[in-house]
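Heads up, the thing below is written out as structure tokens.
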Amino acid sequence: MHNDVEEILYSAEDIAARIKELGQELTAEYQDKNPIVVGILKGSVLFMSDLVREMDVKLQLDFMDVSSYGSGVESSGHVKIIKDLDADVADRHVIIIEDIVDTGNTLAKIYDLFQHRNAASVKVVALLNKPERRVANVQVDYTGFEIPDKFVIGYGMDFDEDYRQLPYIGILKPSVYAHLLH
Ligand code: PRP
Ligand code: MN
Ligand code: MG
């Protein structure tokens, strides 16, 4: 285990088992819908790459990068598009992939955008959901795990861009980010 990790919340095996289940549900739901699977950079990339390999349906991949500007551990609530999709989502079934939904601000913005672009349907798959922290009114259609309000890293999730490559999801030691709290 990495020295900055206080506790492992979900092991690589836990994550793989849950993704297999989600993949089966999504395979059933999207059988003839030819969905566009949209990964929100960068946190979602590890989850997305494992999830789509458990989806036995015709689909396409696309990516979007947004930033909630402001730094540190708190989301600012303002979301800006850094990279838009390549595909046109009009009349298409869209599956948004997130590693984590926290305040919901990121997701709310993207969801509204795809509705506005006349997607046939928009659904959200999040590996982690922190309902205690919700500010925006967003629906997560498929959740991997509901977690408490702890700072998590690994399996795509970062602190200051580090730790994304850890194969498990861990809780970051508060001493690592204590200097940012006031
Ligand atoms: C993180 C995470 C979600 C978002 C969730 O992304 O990957 O996209 O924050 O927070 P919210 O529900 O409060 O909006 P971040 O903006 O840190 O970018 P990253 O994916 O590149 O780490
Ligand atoms: Mn993200
Ligand atoms: Mg981040």
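By order of appearance in the structure tokens: chains A, B, ..., then residues from 1 within every chain, and ligands from 1 in the order shown.
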Expected answer as a list in words: residues within 7 Å of ligand 2, only C-alpha atoms and all ligand atoms: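 Here is the list of contacting residues: Ile40, Leu41, Lys42, Gly43, Ser44, Glu98 and Asp99 of chain A.
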Alpha helix (DSSP H) positions in chain A, given as a ChimeraX atom specification: /A:12-29,45-52,105-116,174-177
Can you list, as a PDB file with C-alpha atoms, in the first residue's frame, every protein, DNA or RNA residue that comes within 6 Å of stretch 144-153 of chain A when you count only C-alpha atoms, leaving out same-chain residues fewer than 4 positions away?
```pdb
ATOM      1  CA  LEU A 127     -18.080   4.307  -9.769  1.00  0.00           C
ATOM      2  CA  LEU A 128     -18.377   6.249  -6.519  1.00  0.00           C
ATOM      3  CA  ASN A 129     -21.166   8.379  -5.146  1.00  0.00           C
ATOM      4  CA  LYS A 130     -20.873  10.683  -2.126  1.00  0.00           C
ATOM      5  CA  MET A 157      -8.741   9.688  -8.816  1.00  0.00           C
ATOM      6  CA  ASP A 158      -6.084  12.182  -7.875  1.00  0.00           C
ATOM      7  CA  ILE A 169      -9.312   3.073  -4.125  1.00  0.00           C
ATOM      8  CA  GLY A 170      -7.866   4.417  -0.898  1.00  0.00           C
ATOM      9  CA  ILE A 171      -8.456   7.150   1.634  1.00  0.00           C
ATOM     10  CA  LEU A 172      -5.747   9.800   1.528  1.00  0.00           C
TER      11      LEU A 172
END
```
Straight-line distance linking atom CA of A:Leu51 with atom CA of A:Asp32, stated in Å to one decimal: 17.9 Å
DSSP strand (DSSP E or B) residues within stretch 88-163 of chain A, as a PyMOL selection string: chain A and resi 90+93-101+119+121-129+142-146+152-154+157+159+162
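Considering only C-alpha atoms, the residue among A:Met55, A:Met1, A:Leu46, A:Val135 positioned nearest to A:Ile15 is A:Leu46.
In this model, the gap between atom 16 (O, counted along the ligand's line) of ligand 1 and atom CA of A:Thr106 comes to 7.2 Å.
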Proximity to ligand 1 - best of A:Leu85, A:Val37, A:Val57, A:Val140, only C-alpha atoms and all ligand atoms: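 Result for the nearest residue to ligand 1: A:Val140.
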Need the shell around A:Glu21: protein/DNA/RNA residues with any atom at most 10 Å away, counting only C-alpha atoms. Skip same-chain ones fewer than 4 positions apart. Format as a JSON list (two decimals) with C-alpha atoms, in the first residue's frame?
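Result file follows (selection36.json):
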```
[["chain", "number", "residue", "atom", "x", "y", "z"],
["A", 16, "ALA", "CA", -13.39, -5.63, -10.85],
["A", 17, "ALA", "CA", -16.25, -7.64, -9.34],
["A", 25, "GLU", "CA", -26.73, -4.38, -16.37],
["A", 26, "LEU", "CA", -25.55, -1.99, -19.07],
["A", 27, "THR", "CA", -25.29, -4.78, -21.64],
["A", 51, "LEU", "CA", -16.25, -1.00, -17.76],
["A", 54, "GLU", "CA", -17.60, -5.74, -19.71],
["A", 144, "GLY", "CA", -20.59, 1.30, -8.14]]
```
Skipping near chain neighbours, those fewer than 5 positions away, what residues fall within 7 Å of stretch 115-118 of chain A using only C-alpha atoms, listed as a PDB file with N, CA and C atoms, in the first residue's frame?
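Output file out.pdb follows:
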```
ATOM      1  N   VAL A  89     -24.271  14.385 -30.348  1.00  0.00           N
ATOM      2  CA  VAL A  89     -25.098  13.474 -29.528  1.00  0.00           C
ATOM      3  C   VAL A  89     -26.589  13.539 -29.874  1.00  0.00           C
ATOM      4  N   ALA A  90     -26.966  14.389 -30.825  1.00  0.00           N
ATOM      5  CA  ALA A  90     -28.388  14.507 -31.174  1.00  0.00           C
ATOM      6  C   ALA A  90     -28.954  13.137 -31.554  1.00  0.00           C
ATOM      7  N   ASP A  91     -30.079  12.790 -30.951  1.00  0.00           N
ATOM      8  CA  ASP A  91     -30.774  11.514 -31.195  1.00  0.00           C
ATOM      9  C   ASP A  91     -29.962  10.281 -30.802  1.00  0.00           C
TER      10      ASP A  91
END
```
Selection: 9 Å around A:Lys83, only C-alpha atoms, excl. self and same-chain fewer than 3 positions, as an mmCIF file with C-alpha atoms, in the first residue's frame:
```
data_model
loop_
_atom_site.group_PDB
_atom_site.id
_atom_site.type_symbol
_atom_site.label_atom_id
_atom_site.label_comp_id
_atom_site.auth_asym_id
_atom_site.auth_seq_id
_atom_site.Cartn_x
_atom_site.Cartn_y
_atom_site.Cartn_z
ATOM 1 C CA PHE A 63 -14.344 12.195 -24.071
ATOM 2 C CA MET A 64 -15.012 15.530 -22.542
ATOM 3 C CA ASP A 65 -12.788 17.589 -20.276
ATOM 4 C CA VAL A 66 -14.235 20.147 -17.928
#
```
Long-range neighbours of A:Ala108 as JSON, numbers by chain, 8 Å cut-off, only C-alpha atoms, 5 positions minimum in chain: {"A": [136, 137, 138]}
